[in-house]
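Just model25.cif here, mmCIF, C-alpha atoms:
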```
data_coords
#
loop_
_atom_site.label_atom_id
_atom_site.label_comp_id
_atom_site.auth_asym_id
_atom_site.auth_seq_id
_atom_site.Cartn_x
_atom_site.Cartn_y
_atom_site.Cartn_z
CA MET A 317 -1.72 0.33 -1.28
CA TYR A 318 0.39 -2.15 0.68
CA ALA A 319 2.32 -1.85 3.92
CA ILE A 320 5.13 -3.58 5.74
CA ASN A 321 4.58 -3.84 9.50
CA HIS A 322 7.06 -5.13 12.06
CA ARG A 323 7.10 -5.22 15.85
CA VAL A 324 10.04 -5.80 18.17
CA GLY A 325 10.45 -5.41 21.93
CA ILE A 326 13.66 -3.79 23.13
CA GLN A 327 15.00 -3.72 26.67
CA ALA A 328 15.95 -0.06 26.67
CA PRO A 329 14.15 3.13 27.72
CA SER A 330 12.03 4.80 25.04
CA GLU A 331 14.36 7.81 25.25
CA GLN A 332 17.26 5.69 24.00
CA VAL A 333 15.19 4.12 21.23
CA TYR A 334 14.00 7.56 20.14
CA GLU A 335 17.59 8.83 20.03
CA ALA A 336 18.56 5.88 17.82
CA LEU A 337 15.82 6.94 15.37
CA THR A 338 16.41 10.70 15.33
CA THR A 339 20.16 11.35 15.34
CA ASN A 340 22.87 10.59 12.77
CA ASP A 341 24.93 8.75 15.39
CA GLY A 342 21.93 6.71 16.51
CA LEU A 343 20.85 5.77 12.98
CA MET A 344 24.40 4.79 12.06
CA LYS A 345 24.35 2.17 14.81
CA TRP A 346 21.69 0.03 13.13
CA TRP A 347 20.75 0.88 9.50
CA THR A 348 23.82 2.06 7.62
CA ASN A 349 27.16 3.47 8.66
CA ASP A 350 26.68 6.52 6.38
CA VAL A 351 23.89 8.82 7.60
CA SER A 352 23.73 12.62 7.51
CA GLY A 353 21.12 15.32 7.88
CA ALA A 354 19.07 13.98 10.81
CA GLY A 355 17.23 16.73 12.67
CA ASP A 356 13.88 18.29 13.43
CA VAL A 357 10.74 18.12 11.32
CA GLY A 358 11.62 19.20 7.78
CA ALA A 359 15.16 17.87 7.90
CA VAL A 360 16.19 15.56 5.06
CA ILE A 361 18.12 12.51 6.19
CA LYS A 362 20.49 10.96 3.65
CA PHE A 363 21.02 7.23 4.08
CA ARG A 364 23.86 5.92 1.93
CA PHE A 365 24.96 2.40 1.07
CA ASN A 366 28.25 2.41 -0.83
CA GLY A 367 27.49 5.93 -1.98
CA SER A 368 23.86 5.68 -3.04
CA GLY A 369 20.63 5.36 -1.09
CA PRO A 370 17.37 7.01 -0.14
CA ASP A 371 16.61 10.41 1.34
CA PHE A 372 13.81 10.74 3.87
CA LYS A 373 12.22 13.95 5.08
CA VAL A 374 11.30 14.05 8.75
CA ALA A 375 7.51 14.56 8.73
CA LYS A 376 6.53 14.16 12.38
CA LEU A 377 8.26 13.81 15.73
CA VAL A 378 6.73 13.24 19.15
CA ALA A 379 9.49 12.90 21.71
CA ASN A 380 10.08 9.30 22.83
CA ASN A 381 6.92 8.20 21.03
CA THR A 382 6.59 8.82 17.28
CA VAL A 383 8.89 9.24 14.27
CA VAL A 384 7.55 9.61 10.72
CA TRP A 385 9.63 9.99 7.55
CA GLN A 386 8.51 10.63 3.99
CA HIS A 387 10.62 9.32 1.13
CA SER A 388 11.93 12.42 -0.59
CA GLY A 389 14.33 11.34 -3.26
CA ASN A 390 16.85 9.04 -4.80
CA VAL A 391 16.59 5.30 -4.97
CA PRO A 392 14.82 2.99 -4.99
CA GLU A 393 12.12 3.92 -7.49
CA ALA A 394 9.55 1.67 -5.80
CA TRP A 395 9.88 3.67 -2.56
CA LYS A 396 8.60 6.87 -4.22
CA GLY A 397 5.65 8.16 -2.19
CA THR A 398 6.24 5.72 0.65
CA GLU A 399 6.36 6.63 4.32
CA ILE A 400 8.16 5.07 7.25
CA SER A 401 6.93 5.36 10.82
CA PHE A 402 8.10 4.17 14.20
CA GLN A 403 5.61 4.09 17.08
CA LEU A 404 7.06 3.45 20.53
CA SER A 405 5.15 2.02 23.50
CA SER A 406 6.10 0.30 26.73
CA ASP A 407 4.82 -2.59 28.82
CA GLY A 408 7.06 -1.67 31.75
CA GLN A 409 9.86 -4.12 30.93
CA GLN A 410 10.54 -3.24 27.30
CA THR A 411 9.96 -0.61 24.64
CA PHE A 412 7.95 -1.94 21.74
CA VAL A 413 8.72 -0.52 18.32
CA ASN A 414 5.93 -0.74 15.77
CA PHE A 415 7.61 -0.14 12.44
CA SER A 416 5.64 0.58 9.29
CA HIS A 417 6.78 1.21 5.71
CA SER A 418 3.54 2.10 3.97
CA ASN A 419 2.02 3.37 0.71
CA TRP A 420 3.61 0.78 -1.56
CA GLN A 421 1.88 0.70 -4.93
CA GLN A 422 2.51 -2.96 -5.65
CA ALA A 423 3.21 -6.16 -3.69
CA THR A 424 6.27 -7.21 -5.70
CA ASP A 425 9.23 -9.50 -5.11
CA PHE A 426 11.16 -6.35 -4.26
CA MET A 427 8.63 -5.45 -1.56
CA ALA A 428 8.94 -8.99 -0.13
CA HIS A 429 12.72 -8.56 -0.17
CA CYS A 430 12.42 -5.23 1.67
CA ASN A 431 10.00 -6.75 4.17
CA THR A 432 12.51 -9.47 5.04
CA LYS A 433 15.37 -6.96 5.12
CA TRP A 434 13.53 -4.58 7.46
CA THR A 435 13.46 -7.36 10.06
CA VAL A 436 17.23 -7.60 9.75
CA PHE A 437 17.52 -3.90 10.57
CA MET A 438 14.90 -3.98 13.35
CA LEU A 439 16.93 -6.77 14.97
CA SER A 440 20.04 -4.66 14.43
CA LEU A 441 18.31 -1.76 16.24
CA LYS A 442 17.41 -4.14 19.09
CA GLU A 443 20.97 -5.45 19.35
CA ALA A 444 22.48 -1.97 19.15
CA LEU A 445 20.43 -0.85 22.13
CA GLU A 446 20.64 -4.02 24.20
CA SER A 447 24.26 -5.03 23.63
CA GLY A 448 25.81 -1.84 22.30
CA GLN A 449 26.63 -3.49 18.97
CA GLY A 450 24.18 -3.48 16.07
CA LYS A 451 24.76 -4.71 12.52
CA PRO A 452 24.37 -1.66 10.26
CA PHE A 453 25.32 -1.89 6.58
CA PRO A 454 27.87 -3.13 5.49
CA ASN A 455 27.78 -5.57 8.42
CA ASP A 456 24.08 -6.42 7.99
CA ILE A 457 22.87 -10.01 7.68
CA SER A 458 22.56 -11.10 4.03
CA ILE A 459 19.21 -12.50 3.00
CA ASP A 460 20.32 -13.55 -0.47
CA HIS A 461 23.39 -13.70 -2.73
CA SER A 462 23.40 -10.72 -5.05
CA MET B 641 -7.44 -9.66 3.72
CA TYR B 642 -3.77 -9.12 4.49
CA ALA B 643 -0.66 -11.10 3.64
CA ILE B 644 2.89 -11.51 4.87
CA ASN B 645 5.43 -11.91 2.06
CA HIS B 646 9.12 -12.68 2.42
CA ARG B 647 11.88 -13.53 -0.03
CA VAL B 648 15.27 -15.08 0.68
CA GLY B 649 17.94 -16.51 -1.60
CA ILE B 650 19.58 -19.76 -0.51
CA GLN B 651 22.72 -21.32 -1.91
CA ALA B 652 21.35 -24.84 -2.11
CA PRO B 653 19.63 -26.86 -4.84
CA SER B 654 15.84 -26.53 -4.98
CA GLU B 655 15.62 -30.26 -4.19
CA GLN B 656 17.22 -29.64 -0.79
CA VAL B 657 15.02 -26.63 -0.05
CA TYR B 658 11.93 -28.64 -1.01
CA GLU B 659 12.99 -31.47 1.30
CA ALA B 660 13.36 -28.98 4.18
CA LEU B 661 9.75 -27.91 3.59
CA THR B 662 8.13 -31.31 3.13
CA THR B 663 9.65 -33.73 5.64
CA ASN B 664 9.55 -33.86 9.43
CA ASP B 665 13.34 -33.97 9.62
CA GLY B 666 13.68 -31.05 7.24
CA LEU B 667 11.10 -28.88 9.03
CA MET B 668 12.70 -29.63 12.41
CA LYS B 669 15.93 -28.08 11.17
CA TRP B 670 14.50 -24.56 10.90
CA TRP B 671 11.03 -23.93 12.43
CA THR B 672 10.62 -26.01 15.57
CA ASN B 673 12.30 -29.12 16.92
CA ASP B 674 8.91 -30.85 17.35
CA VAL B 675 7.24 -31.67 14.01
CA SER B 676 5.20 -34.71 13.04
CA GLY B 677 2.82 -35.76 10.29
CA ALA B 678 4.58 -34.31 7.23
CA GLY B 679 3.62 -36.11 4.03
CA ASP B 680 1.73 -35.91 0.77
CA VAL B 681 -1.24 -33.68 -0.05
CA GLY B 682 -3.86 -34.17 2.66
CA ALA B 683 -1.36 -34.89 5.43
CA VAL B 684 -1.73 -32.80 8.60
CA ILE B 685 1.56 -31.51 9.94
CA LYS B 686 1.69 -30.80 13.68
CA PHE B 687 4.11 -28.06 14.67
CA ARG B 688 4.64 -27.91 18.44
CA PHE B 689 6.32 -25.29 20.63
CA ASN B 690 6.57 -26.50 24.22
CA GLY B 691 3.62 -28.79 23.60
CA SER B 692 1.22 -26.50 21.77
CA GLY B 693 1.17 -25.08 18.27
CA PRO B 694 -0.58 -25.06 14.92
CA ASP B 695 -1.61 -27.84 12.58
CA PHE B 696 -1.34 -27.31 8.84
CA LYS B 697 -2.87 -29.49 6.15
CA VAL B 698 -0.75 -29.98 3.04
CA ALA B 699 -2.89 -28.50 0.23
CA LYS B 700 -0.57 -28.54 -2.78
CA LEU B 701 2.84 -29.91 -3.67
CA VAL B 702 4.81 -29.50 -6.89
CA ALA B 703 8.18 -31.21 -6.52
CA ASN B 704 11.07 -28.77 -6.00
CA ASN B 705 8.77 -25.84 -6.78
CA THR B 706 5.62 -25.30 -4.69
CA VAL B 707 4.40 -26.08 -1.16
CA VAL B 708 1.02 -24.88 0.14
CA TRP B 709 -0.40 -25.48 3.61
CA GLN B 710 -3.81 -24.59 5.03
CA HIS B 711 -4.15 -23.89 8.74
CA SER B 712 -6.28 -26.72 10.03
CA GLY B 713 -6.47 -26.39 13.78
CA ASN B 714 -5.17 -25.37 17.15
CA VAL B 715 -3.53 -22.09 17.96
CA PRO B 716 -3.27 -19.28 17.27
CA GLU B 717 -6.86 -18.10 16.78
CA ALA B 718 -5.78 -15.34 14.38
CA TRP B 719 -4.33 -17.94 12.01
CA LYS B 720 -7.72 -19.58 11.41
CA GLY B 721 -8.39 -19.63 7.67
CA THR B 722 -4.84 -18.59 6.79
CA GLU B 723 -2.63 -20.27 4.24
CA ILE B 724 1.12 -20.58 3.95
CA SER B 725 2.92 -21.05 0.66
CA PHE B 726 6.49 -21.45 -0.47
CA GLN B 727 7.36 -20.84 -4.11
CA LEU B 728 10.85 -21.84 -5.23
CA SER B 729 12.74 -20.41 -8.19
CA SER B 730 16.37 -20.23 -9.25
CA ASP B 731 18.68 -17.69 -10.85
CA GLY B 732 21.41 -20.26 -11.39
CA GLN B 733 23.42 -19.42 -8.30
CA GLN B 734 20.73 -19.64 -5.61
CA THR B 735 17.23 -20.90 -4.89
CA PHE B 736 14.85 -18.09 -4.09
CA VAL B 737 12.08 -18.85 -1.62
CA ASN B 738 9.00 -16.66 -1.87
CA PHE B 739 7.16 -17.21 1.38
CA SER B 740 3.59 -16.06 1.89
CA HIS B 741 1.29 -16.31 4.92
CA SER B 742 -2.00 -15.01 3.55
CA ASN B 743 -5.70 -14.54 4.31
CA TRP B 744 -5.23 -12.63 7.57
CA GLN B 745 -8.46 -10.89 8.58
CA GLN B 746 -6.82 -7.99 10.38
CA ALA B 747 -3.49 -6.15 10.35
CA THR B 748 -2.87 -6.33 14.10
CA ASP B 749 0.16 -6.05 16.36
CA PHE B 750 0.12 -9.84 16.43
CA MET B 751 0.34 -9.97 12.63
CA ALA B 752 3.28 -7.51 12.75
CA HIS B 753 4.91 -9.76 15.37
CA CYS B 754 4.41 -12.82 13.14
CA ASN B 755 5.75 -10.94 10.13
CA THR B 756 8.97 -10.14 12.00
CA LYS B 757 9.18 -13.67 13.38
CA TRP B 758 8.75 -15.29 9.95
CA THR B 759 11.96 -13.56 8.85
CA VAL B 760 13.72 -15.19 11.79
CA PHE B 761 12.58 -18.60 10.57
CA MET B 762 13.32 -17.87 6.89
CA LEU B 763 16.87 -16.95 7.92
CA SER B 764 16.97 -20.15 9.99
CA LEU B 765 15.95 -22.12 6.87
CA LYS B 766 18.71 -20.37 4.92
CA GLU B 767 21.31 -21.13 7.60
CA ALA B 768 20.18 -24.73 7.97
CA LEU B 769 20.72 -25.35 4.27
CA GLU B 770 23.89 -23.31 3.82
CA SER B 771 25.77 -24.15 7.01
CA GLY B 772 23.98 -27.27 8.23
CA GLN B 773 22.84 -25.49 11.40
CA GLY B 774 19.56 -23.58 11.58
CA LYS B 775 17.94 -22.01 14.62
CA PRO B 776 14.63 -23.81 15.11
CA PHE B 777 12.59 -23.22 18.27
CA PRO B 778 13.67 -23.22 21.10
CA ASN B 779 16.93 -21.83 19.69
CA ASP B 780 15.23 -19.17 17.56
CA ILE B 781 16.23 -15.49 17.75
CA SER B 782 14.02 -13.57 20.19
CA ILE B 783 12.32 -10.48 18.82
CA ASP B 784 10.94 -9.34 22.17
CA HIS B 785 10.91 -10.19 25.87
CA SER B 786 7.77 -12.16 26.70
#
```

As structure tokens:
Amino acid sequence: MYAINHRVGIQAPSEQVYEALTTNDGLMKWWTNDVSGAGDVGAVIKFRFNGSGPDFKVAKLVANNTVVWQHSGNVPEAWKGTEISFQLSSDGQQTFVNFSHSNWQQATDFMAHCNTKWTVFMLSLKEALESGQGKPFPNDISIDHS
Amino acid sequence: MYAINHRVGIQAPSEQVYEALTTNDGLMKWWTNDVSGAGDVGAVIKFRFNGSGPDFKVAKLVANNTVVWQHSGNVPEAWKGTEISFQLSSDGQQTFVNFSHSNWQQATDFMAHCNTKWTVFMLSLKEALESGQGKPFPNDISIDHS
């Protein structure tokens, strides 16, 4: 099994970061502009990019601290069985987000692509909270020409 | 052992990408503005960030295709024994760079930080080659507040 791990420090209270990870409006500010279904544990969040995209089931929530999603359907095939988690912590001046996308079966070019792209969205989350303006799809930074 | 893998697609000929990875001038356009020692296999490249930073020994070069460096001294401690490689390929419209920083002993917060930060520099490499203006240190994008 392989995992993608990122870490960013955001100058915003953990409550605001948590909201950006657990509500449709919050998620639409940094990952994609088409999100529905966010809610409590058991909810299935639908992330869409020009109409298609992954579903994730909310597996664990600890207020202002932990968010865990399990991939529960749709594309991409390589994400089947994977899990995404966000762990929040603070050093007094910033909220650190430890992001993990784990349980990958293979370390492929596609996984490397996703690893690079997750940084783009973690920086979008940071910008959304610090400046009020993130770069969710379709305004995300391109990492290649496809 | 753990590895960081990224993949970006750059609209520039592989010759230009290779030059940006193998010459002092090229490296200074995307990683840090203070680089010396770049050269053939066996050369030790000194990357400096406000005076300190890692040395890497050039371990393998295949023109316009492969660059491998072995960490050979200085900071950071966690990079001891690690290796960095760049593999170039083309799909006709872009040069793909498969970046790998491998042989990490532990998957720590610091490794997650470096993973996120390597994206920043891969995007800087992409910008440097596509627009003529990268974001090498000290103009690199901040991923936290330290």

Please expand the PyMOL selection byres ((chain B) within 6 of (chain A)) into the concrete residues it hits in this file, giving the result as an mmCIF file with C-alpha atoms, keeping the file's coordinate frame.
```cif
data_model
loop_
_atom_site.group_PDB
_atom_site.id
_atom_site.type_symbol
_atom_site.label_atom_id
_atom_site.label_comp_id
_atom_site.auth_asym_id
_atom_site.auth_seq_id
_atom_site.Cartn_x
_atom_site.Cartn_y
_atom_site.Cartn_z
ATOM 1 C CA ASN B 645 5.430 -11.910 2.060
ATOM 2 C CA HIS B 646 9.120 -12.680 2.420
ATOM 3 C CA ARG B 647 11.880 -13.530 -0.030
ATOM 4 C CA VAL B 648 15.270 -15.080 0.680
ATOM 5 C CA GLY B 649 17.940 -16.510 -1.600
ATOM 6 C CA ALA B 752 3.280 -7.510 12.750
ATOM 7 C CA HIS B 753 4.910 -9.760 15.370
ATOM 8 C CA THR B 756 8.970 -10.140 12.000
ATOM 9 C CA THR B 759 11.960 -13.560 8.850
ATOM 10 C CA ILE B 783 12.320 -10.480 18.820
ATOM 11 C CA ASP B 784 10.940 -9.340 22.170
#
```

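Within 12 Å of B:Ser771, once only C-alpha atoms are used and residues closer than 2 positions along the same chain are dropped, the contacting residues are Ile650, Gln651, Ala652, Lys669, Trp670, Leu763, Ser764, Leu765, Lys766, Glu767, Ala768, Leu769, Gln773, Gly774 and Lys775 of chain B.
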
If the PyMOL selection byres ((chain B and resi 707) around 12) were run on this exact file, what residues would it hold? Put them as a PyMOL selection string. chain B and resi 657-663+678-681+696-706+708-710+723-728+737-741

Could you please determine the separation between atom CA of A:Asp341 and atom CA of A:Thr398 in Å, to one decimal place? 24.0 Å

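Atom CA of B:Ser692 lies 12.3 Å from atom CA of B:Phe777.
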
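Across the model, the gap from atom CA of A:Ser418 to atom CA of B:Trp744 is 17.5 Å.
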
Residues near A:Asn349, anyone? I mean within 12 Å using all atoms listed in the file, not counting same-chain ones fewer than 4 positions away, as a PyMOL selection string. chain A and resi 340-345+362-367+369+450-456

Please put the answer as JSON: centre and edge lengths, in Å with one decimal, of a box along x, y and z that encloses all listed atoms of stretch 369-385 of chain A plus 4 Å on each side.
```
{"center_x": 13.6, "center_y": 10.0, "center_z": 10.9, "size_x": 22.1, "size_y": 17.2, "size_z": 31.9}
```

Tell me which residues the PyMOL selection byres ((chain B and resi 713) around 7) grabs here, as a PyMOL selection string. chain B and resi 694-695+711-712+714-715

Expected file for stretch 661-672 of chain B keeping all heavy atoms, as a compact mmCIF listing (two decimals), in the first residue's frame:
```
# COMPACT_ATOMS: atom_id res chain seq x y z
N LEU B 661 18.02 21.34 -15.30
CA LEU B 661 18.30 20.39 -14.22
C LEU B 661 19.79 20.10 -14.07
O LEU B 661 20.19 19.42 -13.11
CB LEU B 661 17.57 19.06 -14.49
CG LEU B 661 16.06 19.12 -14.64
CD1 LEU B 661 15.50 17.76 -15.06
CD2 LEU B 661 15.40 19.59 -13.34
N THR B 662 20.59 20.61 -15.00
CA THR B 662 22.01 20.19 -15.02
C THR B 662 23.00 21.34 -15.04
O THR B 662 24.21 21.08 -15.09
CB THR B 662 22.26 19.29 -16.25
OG1 THR B 662 21.81 19.96 -17.43
CG2 THR B 662 21.54 17.95 -16.11
N THR B 663 22.52 22.57 -15.02
CA THR B 663 23.44 23.71 -15.02
C THR B 663 23.12 24.63 -13.84
O THR B 663 21.97 24.68 -13.37
CB THR B 663 23.32 24.54 -16.32
OG1 THR B 663 22.00 25.11 -16.39
CG2 THR B 663 23.56 23.67 -17.56
N ASN B 664 24.11 25.34 -13.36
CA ASN B 664 23.87 26.28 -12.26
C ASN B 664 22.80 27.30 -12.65
O ASN B 664 21.86 27.55 -11.88
CB ASN B 664 25.16 27.02 -11.89
CG ASN B 664 26.21 26.10 -11.27
OD1 ASN B 664 25.87 25.15 -10.58
ND2 ASN B 664 27.47 26.40 -11.54
N ASP B 665 22.95 27.88 -13.83
CA ASP B 665 21.99 28.90 -14.28
C ASP B 665 20.57 28.32 -14.36
O ASP B 665 19.60 28.97 -13.97
CB ASP B 665 22.39 29.45 -15.66
CG ASP B 665 23.51 30.47 -15.55
OD1 ASP B 665 23.89 30.83 -14.40
OD2 ASP B 665 24.02 30.90 -16.60
N GLY B 666 20.48 27.11 -14.89
CA GLY B 666 19.16 26.49 -15.01
C GLY B 666 18.54 26.21 -13.66
O GLY B 666 17.35 26.50 -13.43
N LEU B 667 19.31 25.65 -12.74
CA LEU B 667 18.80 25.30 -11.40
C LEU B 667 18.40 26.55 -10.62
O LEU B 667 17.45 26.52 -9.83
CB LEU B 667 19.85 24.49 -10.64
CG LEU B 667 20.10 23.08 -11.22
CD1 LEU B 667 21.45 22.53 -10.74
CD2 LEU B 667 18.97 22.13 -10.85
N MET B 668 19.13 27.65 -10.86
CA MET B 668 18.83 28.90 -10.14
C MET B 668 17.53 29.54 -10.60
O MET B 668 17.02 30.45 -9.97
CB MET B 668 19.98 29.90 -10.29
CG MET B 668 21.18 29.50 -9.43
SD MET B 668 22.43 30.81 -9.29
CE MET B 668 23.31 30.60 -10.83
N LYS B 669 17.00 29.04 -11.71
CA LYS B 669 15.74 29.61 -12.21
C LYS B 669 14.51 29.03 -11.53
O LYS B 669 13.40 29.53 -11.70
CB LYS B 669 15.63 29.39 -13.73
CG LYS B 669 16.55 30.30 -14.51
CD LYS B 669 16.53 30.00 -15.99
CE LYS B 669 17.52 30.93 -16.72
NZ LYS B 669 17.90 30.41 -18.02
N TRP B 670 14.68 27.91 -10.77
CA TRP B 670 13.47 27.30 -10.19
C TRP B 670 13.61 26.81 -8.76
O TRP B 670 12.61 26.78 -8.04
CB TRP B 670 12.96 26.17 -11.09
CG TRP B 670 13.90 25.00 -11.25
CD1 TRP B 670 14.88 24.87 -12.19
CD2 TRP B 670 13.95 23.83 -10.43
NE1 TRP B 670 15.54 23.67 -12.01
CE2 TRP B 670 14.98 23.00 -10.95
CE3 TRP B 670 13.22 23.37 -9.33
CZ2 TRP B 670 15.31 21.77 -10.38
CZ3 TRP B 670 13.54 22.13 -8.77
CH2 TRP B 670 14.58 21.35 -9.30
N TRP B 671 14.82 26.42 -8.27
CA TRP B 671 14.88 25.89 -6.90
C TRP B 671 15.36 26.94 -5.90
O TRP B 671 14.65 27.31 -4.98
CB TRP B 671 15.69 24.60 -6.82
CG TRP B 671 15.49 23.87 -5.49
CD1 TRP B 671 14.55 24.15 -4.55
CD2 TRP B 671 16.24 22.77 -4.98
NE1 TRP B 671 14.66 23.29 -3.49
CE2 TRP B 671 15.69 22.43 -3.72
CE3 TRP B 671 17.33 22.03 -5.46
CZ2 TRP B 671 16.20 21.38 -2.94
CZ3 TRP B 671 17.82 20.98 -4.69
CH2 TRP B 671 17.25 20.67 -3.43
N THR B 672 16.58 27.41 -6.09
CA THR B 672 17.07 28.48 -5.23
C THR B 672 18.00 29.36 -6.04
O THR B 672 18.65 28.88 -6.99
CB THR B 672 17.79 27.94 -3.97
OG1 THR B 672 18.39 29.04 -3.27
CG2 THR B 672 18.89 26.95 -4.33
```
